[in-house]
Amino acid sequence: MPEDLAQKILTADWETLAKMAEDCRCCAMASTRQHVVFAQGAPGPKLVVIGEAPGAEEDLQGLPFVGKSGQLLTAMLDALNIVRGRDAVVLNVLKCRPPRNRNPEPAEITCCGHWLRRQLELLAPDVLFLVGRFAIEAVLHPGEGFSIGRMRGRVHDAEVAGRRIPAVATYHPSYLLRSPDEKAKAWEDLVLLRHVMTEAGIALAPREKRWN
Ligand code: URA
């Protein structure tokens with residue numbers, strides 16, 4: 001990341017940051033992406049959901065979590081009556097799609113860390129929901145060899161822009177699609193998230209009746 005760009009990121013507002021990210025050429029993904037996938041939502045909601053990286057569908061549409069795993073994430077949030085963009089901002093550790101959906105590389109995570117840090121500063125979340133290994137690593141820095149199985153199911157103390165806020169971690173929806181037996185644990189994590197949001201004073205809209 002060129003130093004002058006890194007400096008500009010530090011003071012950019014949300015709209016400026018999104019525009020600047022569109023031109024990012026910090027890593028090689030700049031030449032393979034269709035779109036930079038900045039976020040869904042804008043400062044306002046106090047819940048922020050962080051995933052890993054855009055996939056093929058996200059790259060095409062320029063929006064996070066719109067493919068198969070996005071449908072599952074949407075359903076998971078819907079179980080708490082959380083509407084993406086309205087009640088939660090959704091974003092990823094990486095803003096561009098890694099070719100062939102390979103794992104993010106350390107240099108890419110470092111590049112995108114500039115965008116992510118400023119996003120979190122501007123969003124000033126009160127609660128984080130971390131889906132998958134890379135989101136957990138980027139925010140909680142658990143150290144090598146950690147397992148999601150040991151990180152999920154409890155509340156973490158995350159440091160975000162100088163504030164300490166609660167974070168709930170769970171499995172990535174793409175893993176849940178491959179391992180449906182683990183969905184019960186993700187459900188427990190959603191119940192925990194609901195509790196943490198209530199504790200943090202984030203009101204959940206009551207669900208309207210859907211059965212008549
Ligand atoms: N997986 C992610 O982690 N993020 C997306 O946006 C899509 C799939």
# chains A, B, ... in the order shown; residues from 1 in each chain; ligands from 1
call {"tool": "residues_around", "arguments": {"residues": "Val168 (chain A)", "least_positions_apart": "6", "cutoff": "8 Å", "atoms": "only C-alpha atoms", "output": "JSON, numbers by chain"}}
result
{"A": [127, 128, 129, 130, 152, 153, 154, 155, 156, 189, 192, 193]}
call {"tool": "write_last_selection", "arguments": {"atoms": "all heavy atoms", "output": "mmCIF file, in the first residue's frame"}}
result
data_model
loop_
_atom_site.group_PDB
_atom_site.id
_atom_site.type_symbol
_atom_site.label_atom_id
_atom_site.label_comp_id
_atom_site.auth_asym_id
_atom_site.auth_seq_id
_atom_site.Cartn_x
_atom_site.Cartn_y
_atom_site.Cartn_z
ATOM 1 N N VAL A 127 -21.226 -4.321 18.558
ATOM 2 C CA VAL A 127 -21.124 -5.782 18.582
ATOM 3 C C VAL A 127 -20.598 -6.252 17.227
ATOM 4 O O VAL A 127 -20.981 -5.711 16.183
ATOM 5 C CB VAL A 127 -22.507 -6.441 18.855
ATOM 6 C CG1 VAL A 127 -22.416 -7.957 18.737
ATOM 7 C CG2 VAL A 127 -23.050 -6.051 20.230
ATOM 8 N N LEU A 128 -19.735 -7.274 17.259
ATOM 9 C CA LEU A 128 -19.236 -7.882 16.013
ATOM 10 C C LEU A 128 -19.689 -9.332 15.931
ATOM 11 O O LEU A 128 -19.697 -10.045 16.942
ATOM 12 C CB LEU A 128 -17.701 -7.868 15.977
ATOM 13 C CG LEU A 128 -16.995 -6.521 15.870
ATOM 14 C CD1 LEU A 128 -15.479 -6.749 15.915
ATOM 15 C CD2 LEU A 128 -17.388 -5.780 14.600
ATOM 16 N N PHE A 129 -20.026 -9.754 14.727
ATOM 17 C CA PHE A 129 -20.315 -11.168 14.464
ATOM 18 C C PHE A 129 -19.287 -11.615 13.430
ATOM 19 O O PHE A 129 -19.278 -11.123 12.293
ATOM 20 C CB PHE A 129 -21.748 -11.303 13.944
ATOM 21 C CG PHE A 129 -22.235 -12.723 13.833
ATOM 22 C CD1 PHE A 129 -21.964 -13.670 14.816
ATOM 23 C CD2 PHE A 129 -23.011 -13.116 12.743
ATOM 24 C CE1 PHE A 129 -22.440 -14.977 14.720
ATOM 25 C CE2 PHE A 129 -23.497 -14.420 12.637
ATOM 26 C CZ PHE A 129 -23.206 -15.348 13.632
ATOM 27 N N LEU A 130 -18.417 -12.523 13.846
ATOM 28 C CA LEU A 130 -17.277 -12.931 13.005
ATOM 29 C C LEU A 130 -17.556 -14.302 12.423
ATOM 30 O O LEU A 130 -17.709 -15.279 13.173
ATOM 31 C CB LEU A 130 -16.002 -12.983 13.856
ATOM 32 C CG LEU A 130 -15.702 -11.705 14.655
ATOM 33 C CD1 LEU A 130 -14.529 -11.948 15.606
ATOM 34 C CD2 LEU A 130 -15.410 -10.542 13.709
ATOM 35 N N ARG A 152 -15.758 -20.368 19.108
ATOM 36 C CA ARG A 152 -17.204 -20.126 19.019
ATOM 37 C C ARG A 152 -17.844 -20.442 20.388
ATOM 38 O O ARG A 152 -17.212 -21.036 21.262
ATOM 39 C CB ARG A 152 -17.838 -20.972 17.910
ATOM 40 C CG ARG A 152 -17.680 -22.478 18.082
ATOM 41 C CD ARG A 152 -18.791 -23.266 17.432
ATOM 42 N NE ARG A 152 -20.077 -22.977 18.026
ATOM 43 C CZ ARG A 152 -20.527 -23.561 19.151
ATOM 44 N NH1 ARG A 152 -19.801 -24.463 19.782
ATOM 45 N NH2 ARG A 152 -21.708 -23.225 19.631
ATOM 46 N N GLY A 153 -19.090 -20.011 20.531
ATOM 47 C CA GLY A 153 -19.834 -20.391 21.725
ATOM 48 C C GLY A 153 -19.519 -19.550 22.944
ATOM 49 O O GLY A 153 -19.969 -19.851 24.042
ATOM 50 N N ARG A 154 -18.709 -18.501 22.774
ATOM 51 C CA ARG A 154 -18.439 -17.607 23.910
ATOM 52 C C ARG A 154 -18.245 -16.183 23.409
ATOM 53 O O ARG A 154 -18.083 -15.970 22.199
ATOM 54 C CB ARG A 154 -17.231 -18.082 24.723
ATOM 55 C CG ARG A 154 -15.966 -18.211 23.933
ATOM 56 C CD ARG A 154 -14.969 -19.098 24.692
ATOM 57 N NE ARG A 154 -13.798 -19.405 23.885
ATOM 58 C CZ ARG A 154 -12.659 -18.730 23.940
ATOM 59 N NH1 ARG A 154 -12.526 -17.706 24.749
ATOM 60 N NH2 ARG A 154 -11.640 -19.083 23.176
ATOM 61 N N VAL A 155 -18.243 -15.263 24.329
ATOM 62 C CA VAL A 155 -18.139 -13.855 23.950
ATOM 63 C C VAL A 155 -16.685 -13.413 24.078
ATOM 64 O O VAL A 155 -16.045 -13.668 25.101
ATOM 65 C CB VAL A 155 -19.045 -12.982 24.852
ATOM 66 C CG1 VAL A 155 -19.006 -11.526 24.398
ATOM 67 C CG2 VAL A 155 -20.474 -13.505 24.851
ATOM 68 N N HIS A 156 -16.175 -12.777 23.032
ATOM 69 C CA HIS A 156 -14.796 -12.277 23.046
ATOM 70 C C HIS A 156 -14.799 -10.773 23.244
ATOM 71 O O HIS A 156 -15.757 -10.083 22.900
ATOM 72 C CB HIS A 156 -14.105 -12.617 21.719
ATOM 73 C CG HIS A 156 -14.022 -14.081 21.474
ATOM 74 N ND1 HIS A 156 -12.961 -14.847 21.898
ATOM 75 C CD2 HIS A 156 -14.895 -14.934 20.875
ATOM 76 C CE1 HIS A 156 -13.176 -16.114 21.566
ATOM 77 N NE2 HIS A 156 -14.342 -16.188 20.945
ATOM 78 N N ASP A 189 -24.748 -20.110 18.424
ATOM 79 C CA ASP A 189 -23.999 -18.846 18.330
ATOM 80 C C ASP A 189 -24.928 -17.678 18.016
ATOM 81 O O ASP A 189 -24.707 -16.559 18.482
ATOM 82 C CB ASP A 189 -22.888 -18.967 17.274
ATOM 83 C CG ASP A 189 -21.860 -20.013 17.656
ATOM 84 O OD1 ASP A 189 -21.668 -20.247 18.877
ATOM 85 O OD2 ASP A 189 -21.260 -20.621 16.755
ATOM 86 N N LEU A 192 -26.561 -16.714 21.152
ATOM 87 C CA LEU A 192 -25.602 -15.934 21.940
ATOM 88 C C LEU A 192 -25.500 -14.505 21.405
ATOM 89 O O LEU A 192 -25.482 -13.534 22.170
ATOM 90 C CB LEU A 192 -24.227 -16.625 21.910
ATOM 91 C CG LEU A 192 -23.105 -15.949 22.674
ATOM 92 C CD1 LEU A 192 -23.425 -15.864 24.164
ATOM 93 C CD2 LEU A 192 -21.784 -16.713 22.479
ATOM 94 N N LEU A 193 -25.449 -14.382 20.087
ATOM 95 C CA LEU A 193 -25.370 -13.049 19.465
ATOM 96 C C LEU A 193 -26.578 -12.205 19.878
ATOM 97 O O LEU A 193 -26.449 -11.025 20.212
ATOM 98 C CB LEU A 193 -25.313 -13.188 17.938
ATOM 99 C CG LEU A 193 -25.341 -11.880 17.144
ATOM 100 C CD1 LEU A 193 -24.087 -11.040 17.422
ATOM 101 C CD2 LEU A 193 -25.466 -12.149 15.632
#
call {"tool": "select_by_dssp", "arguments": {"residues": "region 94-165 of chain A", "states": "strand (DSSP E or B)", "output": "list of chain:residue names"}}
result
A:Val127, A:Leu128, A:Phe129, A:Leu130, A:Val131, A:Val155, A:His156, A:Asp157, A:Ala158, A:Glu159, A:Val160, A:Arg163, A:Arg164, A:Ile165
call {"tool": "select_by_dssp", "arguments": {"residues": "region 25-200 of chain A", "states": "alpha helix (DSSP H)", "output": "mmCIF file with N, CA and C atoms, in the first residue's frame"}}
result
data_model
loop_
_atom_site.group_PDB
_atom_site.id
_atom_site.type_symbol
_atom_site.label_atom_id
_atom_site.label_comp_id
_atom_site.auth_asym_id
_atom_site.auth_seq_id
_atom_site.Cartn_x
_atom_site.Cartn_y
_atom_site.Cartn_z
ATOM 1 N N ALA A 56 -17.296 -15.683 -6.383
ATOM 2 C CA ALA A 56 -17.574 -15.329 -7.784
ATOM 3 C C ALA A 56 -18.796 -14.408 -7.910
ATOM 4 N N GLU A 57 -19.863 -14.743 -7.224
ATOM 5 C CA GLU A 57 -21.100 -13.967 -7.344
ATOM 6 C C GLU A 57 -20.931 -12.565 -6.753
ATOM 7 N N GLU A 58 -20.213 -12.499 -5.635
ATOM 8 C CA GLU A 58 -19.972 -11.203 -4.987
ATOM 9 C C GLU A 58 -19.125 -10.323 -5.898
ATOM 10 N N ASP A 59 -18.147 -10.947 -6.554
ATOM 11 C CA ASP A 59 -17.263 -10.229 -7.476
ATOM 12 C C ASP A 59 -18.076 -9.653 -8.640
ATOM 13 N N LEU A 60 -19.057 -10.413 -9.101
ATOM 14 C CA LEU A 60 -19.904 -9.940 -10.215
ATOM 15 C C LEU A 60 -20.804 -8.797 -9.798
ATOM 16 N N GLN A 61 -21.405 -8.936 -8.604
ATOM 17 C CA GLN A 61 -22.411 -7.959 -8.169
ATOM 18 C C GLN A 61 -21.828 -6.794 -7.373
ATOM 19 N N LYS A 68 -24.266 -18.519 -2.654
ATOM 20 C CA LYS A 68 -24.876 -19.607 -1.853
ATOM 21 C C LYS A 68 -24.652 -19.404 -0.358
ATOM 22 N N SER A 69 -23.397 -19.114 0.041
ATOM 23 C CA SER A 69 -23.170 -18.959 1.481
ATOM 24 C C SER A 69 -23.827 -17.676 1.991
ATOM 25 N N GLY A 70 -23.967 -16.699 1.100
ATOM 26 C CA GLY A 70 -24.677 -15.466 1.470
ATOM 27 C C GLY A 70 -26.147 -15.730 1.767
ATOM 28 N N GLN A 71 -26.731 -16.652 0.990
ATOM 29 C CA GLN A 71 -28.141 -16.978 1.250
ATOM 30 C C GLN A 71 -28.292 -17.586 2.642
ATOM 31 N N LEU A 72 -27.319 -18.427 2.997
ATOM 32 C CA LEU A 72 -27.399 -19.023 4.339
ATOM 33 C C LEU A 72 -27.175 -17.952 5.411
ATOM 34 N N LEU A 73 -26.202 -17.074 5.186
ATOM 35 C CA LEU A 73 -25.969 -15.997 6.171
ATOM 36 C C LEU A 73 -27.230 -15.141 6.334
ATOM 37 N N THR A 74 -27.867 -14.830 5.228
ATOM 38 C CA THR A 74 -29.090 -14.021 5.283
ATOM 39 C C THR A 74 -30.160 -14.730 6.111
ATOM 40 N N ALA A 75 -30.293 -16.045 5.902
ATOM 41 C CA ALA A 75 -31.291 -16.817 6.659
ATOM 42 C C ALA A 75 -30.928 -16.850 8.146
ATOM 43 N N MET A 76 -29.627 -16.965 8.437
ATOM 44 C CA MET A 76 -29.197 -16.987 9.839
ATOM 45 C C MET A 76 -29.554 -15.670 10.518
ATOM 46 N N LEU A 77 -29.265 -14.574 9.851
ATOM 47 C CA LEU A 77 -29.563 -13.263 10.437
ATOM 48 C C LEU A 77 -31.069 -13.043 10.527
ATOM 49 N N ASP A 78 -31.757 -13.526 9.517
ATOM 50 C CA ASP A 78 -33.220 -13.390 9.492
ATOM 51 C C ASP A 78 -33.855 -14.092 10.693
ATOM 52 N N PRO A 106 -1.354 -13.679 3.336
ATOM 53 C CA PRO A 106 -1.004 -12.680 4.359
ATOM 54 C C PRO A 106 -0.823 -11.269 3.785
ATOM 55 N N ALA A 107 -0.178 -11.159 2.605
ATOM 56 C CA ALA A 107 0.052 -9.812 2.046
ATOM 57 C C ALA A 107 -1.269 -9.149 1.670
ATOM 58 N N GLU A 108 -2.232 -9.947 1.220
ATOM 59 C CA GLU A 108 -3.547 -9.395 0.858
ATOM 60 C C GLU A 108 -4.284 -8.922 2.118
ATOM 61 N N ILE A 109 -4.161 -9.718 3.170
ATOM 62 C CA ILE A 109 -4.824 -9.342 4.432
ATOM 63 C C ILE A 109 -4.217 -8.045 4.960
ATOM 64 N N THR A 110 -2.909 -7.895 4.794
ATOM 65 C CA THR A 110 -2.245 -6.666 5.241
ATOM 66 C C THR A 110 -2.737 -5.474 4.434
ATOM 67 N N CYS A 111 -2.789 -5.630 3.104
ATOM 68 C CA CYS A 111 -3.289 -4.540 2.250
ATOM 69 C C CYS A 111 -4.700 -4.145 2.662
ATOM 70 N N CYS A 112 -5.581 -5.141 2.707
ATOM 71 C CA CYS A 112 -6.990 -4.852 2.988
ATOM 72 C C CYS A 112 -7.206 -4.410 4.431
ATOM 73 N N GLY A 113 -6.248 -4.695 5.284
ATOM 74 C CA GLY A 113 -6.360 -4.253 6.677
ATOM 75 C C GLY A 113 -6.497 -2.743 6.784
ATOM 76 N N HIS A 114 -5.889 -2.015 5.854
ATOM 77 C CA HIS A 114 -6.013 -0.539 5.874
ATOM 78 C C HIS A 114 -7.475 -0.141 5.691
ATOM 79 N N TRP A 115 -8.151 -0.805 4.741
ATOM 80 C CA TRP A 115 -9.568 -0.479 4.494
ATOM 81 C C TRP A 115 -10.425 -0.938 5.672
ATOM 82 N N LEU A 116 -10.152 -2.141 6.145
ATOM 83 C CA LEU A 116 -10.976 -2.712 7.215
ATOM 84 C C LEU A 116 -10.891 -1.870 8.495
ATOM 85 N N ARG A 117 -9.682 -1.455 8.846
ATOM 86 C CA ARG A 117 -9.525 -0.667 10.083
ATOM 87 C C ARG A 117 -10.326 0.622 10.012
ATOM 88 N N ARG A 118 -10.235 1.296 8.860
ATOM 89 C CA ARG A 118 -10.972 2.570 8.740
ATOM 90 C C ARG A 118 -12.482 2.314 8.696
ATOM 91 N N GLN A 119 -12.880 1.238 8.024
ATOM 92 C CA GLN A 119 -14.314 0.903 8.015
ATOM 93 C C GLN A 119 -14.826 0.741 9.446
ATOM 94 N N LEU A 120 -14.068 0.013 10.251
ATOM 95 C CA LEU A 120 -14.535 -0.250 11.617
ATOM 96 C C LEU A 120 -14.515 1.017 12.461
ATOM 97 N N GLU A 121 -13.533 1.887 12.203
ATOM 98 C CA GLU A 121 -13.507 3.171 12.920
ATOM 99 C C GLU A 121 -14.767 3.972 12.626
ATOM 100 N N LEU A 122 -15.116 4.023 11.328
ATOM 101 C CA LEU A 122 -16.267 4.842 10.916
ATOM 102 C C LEU A 122 -17.586 4.205 11.345
ATOM 103 N N LEU A 123 -17.643 2.884 11.336
ATOM 104 C CA LEU A 123 -18.891 2.202 11.704
ATOM 105 C C LEU A 123 -19.103 2.217 13.210
ATOM 106 N N ARG A 133 -12.779 -18.379 9.873
ATOM 107 C CA ARG A 133 -11.412 -18.287 10.411
ATOM 108 C C ARG A 133 -10.751 -16.942 10.151
ATOM 109 N N PHE A 134 -10.914 -16.412 8.919
ATOM 110 C CA PHE A 134 -10.147 -15.213 8.572
ATOM 111 C C PHE A 134 -10.680 -13.976 9.283
ATOM 112 N N ALA A 135 -11.988 -13.929 9.499
ATOM 113 C CA ALA A 135 -12.555 -12.806 10.257
ATOM 114 C C ALA A 135 -12.109 -12.879 11.717
ATOM 115 N N ILE A 136 -12.099 -14.100 12.252
ATOM 116 C CA ILE A 136 -11.672 -14.286 13.650
ATOM 117 C C ILE A 136 -10.208 -13.862 13.799
ATOM 118 N N GLU A 137 -9.385 -14.303 12.847
ATOM 119 C CA GLU A 137 -7.954 -13.960 12.905
ATOM 120 C C GLU A 137 -7.738 -12.455 12.815
ATOM 121 N N ALA A 138 -8.449 -11.825 11.869
ATOM 122 C CA ALA A 138 -8.220 -10.398 11.617
ATOM 123 C C ALA A 138 -8.600 -9.545 12.821
ATOM 124 N N VAL A 139 -9.608 -9.978 13.571
ATOM 125 C CA VAL A 139 -10.106 -9.125 14.653
ATOM 126 C C VAL A 139 -9.572 -9.555 16.018
ATOM 127 N N LEU A 140 -9.501 -10.874 16.242
ATOM 128 C CA LEU A 140 -9.176 -11.341 17.604
ATOM 129 C C LEU A 140 -7.725 -11.791 17.756
ATOM 130 N N ILE A 148 -11.804 -22.875 15.349
ATOM 131 C CA ILE A 148 -13.079 -22.165 15.470
ATOM 132 C C ILE A 148 -13.921 -22.856 16.536
ATOM 133 N N GLY A 149 -13.786 -24.168 16.601
ATOM 134 C CA GLY A 149 -14.542 -24.925 17.602
ATOM 135 C C GLY A 149 -14.302 -24.406 19.016
ATOM 136 N N ARG A 150 -13.090 -23.912 19.261
ATOM 137 C CA ARG A 150 -12.803 -23.401 20.613
ATOM 138 C C ARG A 150 -13.092 -21.902 20.736
ATOM 139 N N MET A 151 -13.228 -21.229 19.600
ATOM 140 C CA MET A 151 -13.494 -19.775 19.652
ATOM 141 C C MET A 151 -14.988 -19.473 19.674
ATOM 142 N N PRO A 173 -20.492 -19.673 6.764
ATOM 143 C CA PRO A 173 -21.629 -20.346 6.132
ATOM 144 C C PRO A 173 -21.224 -21.349 5.053
ATOM 145 N N SER A 174 -20.125 -21.129 4.361
ATOM 146 C CA SER A 174 -19.746 -22.101 3.321
ATOM 147 C C SER A 174 -19.338 -23.426 3.974
ATOM 148 N N TYR A 175 -18.740 -23.354 5.161
ATOM 149 C CA TYR A 175 -18.422 -24.580 5.918
ATOM 150 C C TYR A 175 -19.724 -25.250 6.374
ATOM 151 N N LEU A 176 -20.681 -24.439 6.819
ATOM 152 C CA LEU A 176 -21.957 -25.005 7.285
ATOM 153 C C LEU A 176 -22.703 -25.689 6.138
ATOM 154 N N LEU A 177 -22.528 -25.154 4.921
ATOM 155 C CA LEU A 177 -23.172 -25.796 3.770
ATOM 156 C C LEU A 177 -22.549 -27.166 3.499
ATOM 157 N N ARG A 178 -21.245 -27.251 3.762
ATOM 158 C CA ARG A 178 -20.553 -28.529 3.542
ATOM 159 C C ARG A 178 -20.732 -29.485 4.725
ATOM 160 N N LYS A 183 -24.635 -27.130 11.944
ATOM 161 C CA LYS A 183 -25.563 -25.990 11.955
ATOM 162 C C LYS A 183 -26.161 -25.755 13.346
ATOM 163 N N ALA A 184 -26.294 -26.818 14.117
ATOM 164 C CA ALA A 184 -26.858 -26.641 15.465
ATOM 165 C C ALA A 184 -25.962 -25.721 16.293
ATOM 166 N N LYS A 185 -24.643 -25.847 16.077
ATOM 167 C CA LYS A 185 -23.716 -24.989 16.838
ATOM 168 C C LYS A 185 -23.838 -23.538 16.378
ATOM 169 N N ALA A 186 -23.993 -23.346 15.073
ATOM 170 C CA ALA A 186 -24.167 -21.974 14.562
ATOM 171 C C ALA A 186 -25.458 -21.374 15.122
ATOM 172 N N TRP A 187 -26.452 -22.213 15.290
ATOM 173 C CA TRP A 187 -27.711 -21.739 15.880
ATOM 174 C C TRP A 187 -27.475 -21.268 17.316
ATOM 175 N N GLU A 188 -26.688 -22.046 18.069
ATOM 176 C CA GLU A 188 -26.341 -21.624 19.439
ATOM 177 C C GLU A 188 -25.627 -20.280 19.415
ATOM 178 N N ASP A 189 -24.748 -20.110 18.424
ATOM 179 C CA ASP A 189 -23.999 -18.846 18.330
ATOM 180 C C ASP A 189 -24.928 -17.678 18.016
ATOM 181 N N LEU A 190 -25.953 -17.939 17.224
ATOM 182 C CA LEU A 190 -26.934 -16.883 16.925
ATOM 183 C C LEU A 190 -27.713 -16.499 18.181
ATOM 184 N N VAL A 191 -28.039 -17.493 18.983
ATOM 185 C CA VAL A 191 -28.756 -17.206 20.240
ATOM 186 C C VAL A 191 -27.850 -16.354 21.145
ATOM 187 N N LEU A 192 -26.561 -16.714 21.152
ATOM 188 C CA LEU A 192 -25.602 -15.934 21.940
ATOM 189 C C LEU A 192 -25.500 -14.505 21.405
ATOM 190 N N LEU A 193 -25.449 -14.382 20.087
ATOM 191 C CA LEU A 193 -25.370 -13.049 19.465
ATOM 192 C C LEU A 193 -26.578 -12.205 19.878
ATOM 193 N N ARG A 194 -27.735 -12.826 19.857
ATOM 194 C CA ARG A 194 -28.958 -12.111 20.235
ATOM 195 C C ARG A 194 -28.840 -11.583 21.669
ATOM 196 N N HIS A 195 -28.326 -12.442 22.553
ATOM 197 C CA HIS A 195 -28.158 -12.062 23.951
ATOM 198 C C HIS A 195 -27.161 -10.892 24.064
ATOM 199 N N VAL A 196 -26.056 -10.996 23.349
ATOM 200 C CA VAL A 196 -25.013 -9.967 23.423
ATOM 201 C C VAL A 196 -25.541 -8.632 22.874
ATOM 202 N N MET A 197 -26.325 -8.719 21.805
ATOM 203 C CA MET A 197 -26.894 -7.483 21.241
ATOM 204 C C MET A 197 -27.845 -6.825 22.235
ATOM 205 N N THR A 198 -28.645 -7.632 22.886
ATOM 206 C CA THR A 198 -29.578 -7.081 23.875
ATOM 207 C C THR A 198 -28.799 -6.413 25.004
ATOM 208 N N GLU A 199 -27.758 -7.093 25.475
ATOM 209 C CA GLU A 199 -26.919 -6.533 26.547
ATOM 210 C C GLU A 199 -26.283 -5.215 26.131
#
call {"tool": "residues_near_ligand", "arguments": {"ligand": "ligand 1", "cutoff": "6 Å", "atoms": "only C-alpha atoms and all ligand atoms", "output": "ChimeraX atom specification"}}
result
/A:51-55,58,64-65,69-70,92
call {"tool": "atom_distance", "arguments": {"atom1": "CA of Ala88 (chain A)", "atom2": "CA of Lys19 (chain A)"}}
result
20.9 Å
call {"tool": "atom_distance", "arguments": {"atom1": "CA of His172 (chain A)", "atom2": "CA of Asn103 (chain A)"}}
result
13.0 Å
call {"tool": "atom_distance", "arguments": {"atom1": "CA of Pro98 (chain A)", "atom2": "CA of Pro2 (chain A)"}}
result
20.9 Å
call {"tool": "closest_residue", "arguments": {"among": "A:Ala42, A:Val83, A:Leu10, A:Leu63", "to": "Ala124 (chain A)", "atoms": "only C-alpha atoms"}}
result
A:Ala42
call {"tool": "closest_residue", "arguments": {"among": "A:Lys8, A:His35, A:Arg207, A:Lys95", "to": "Ile82 (chain A)", "atoms": "only C-alpha atoms"}}
result
A:Arg207
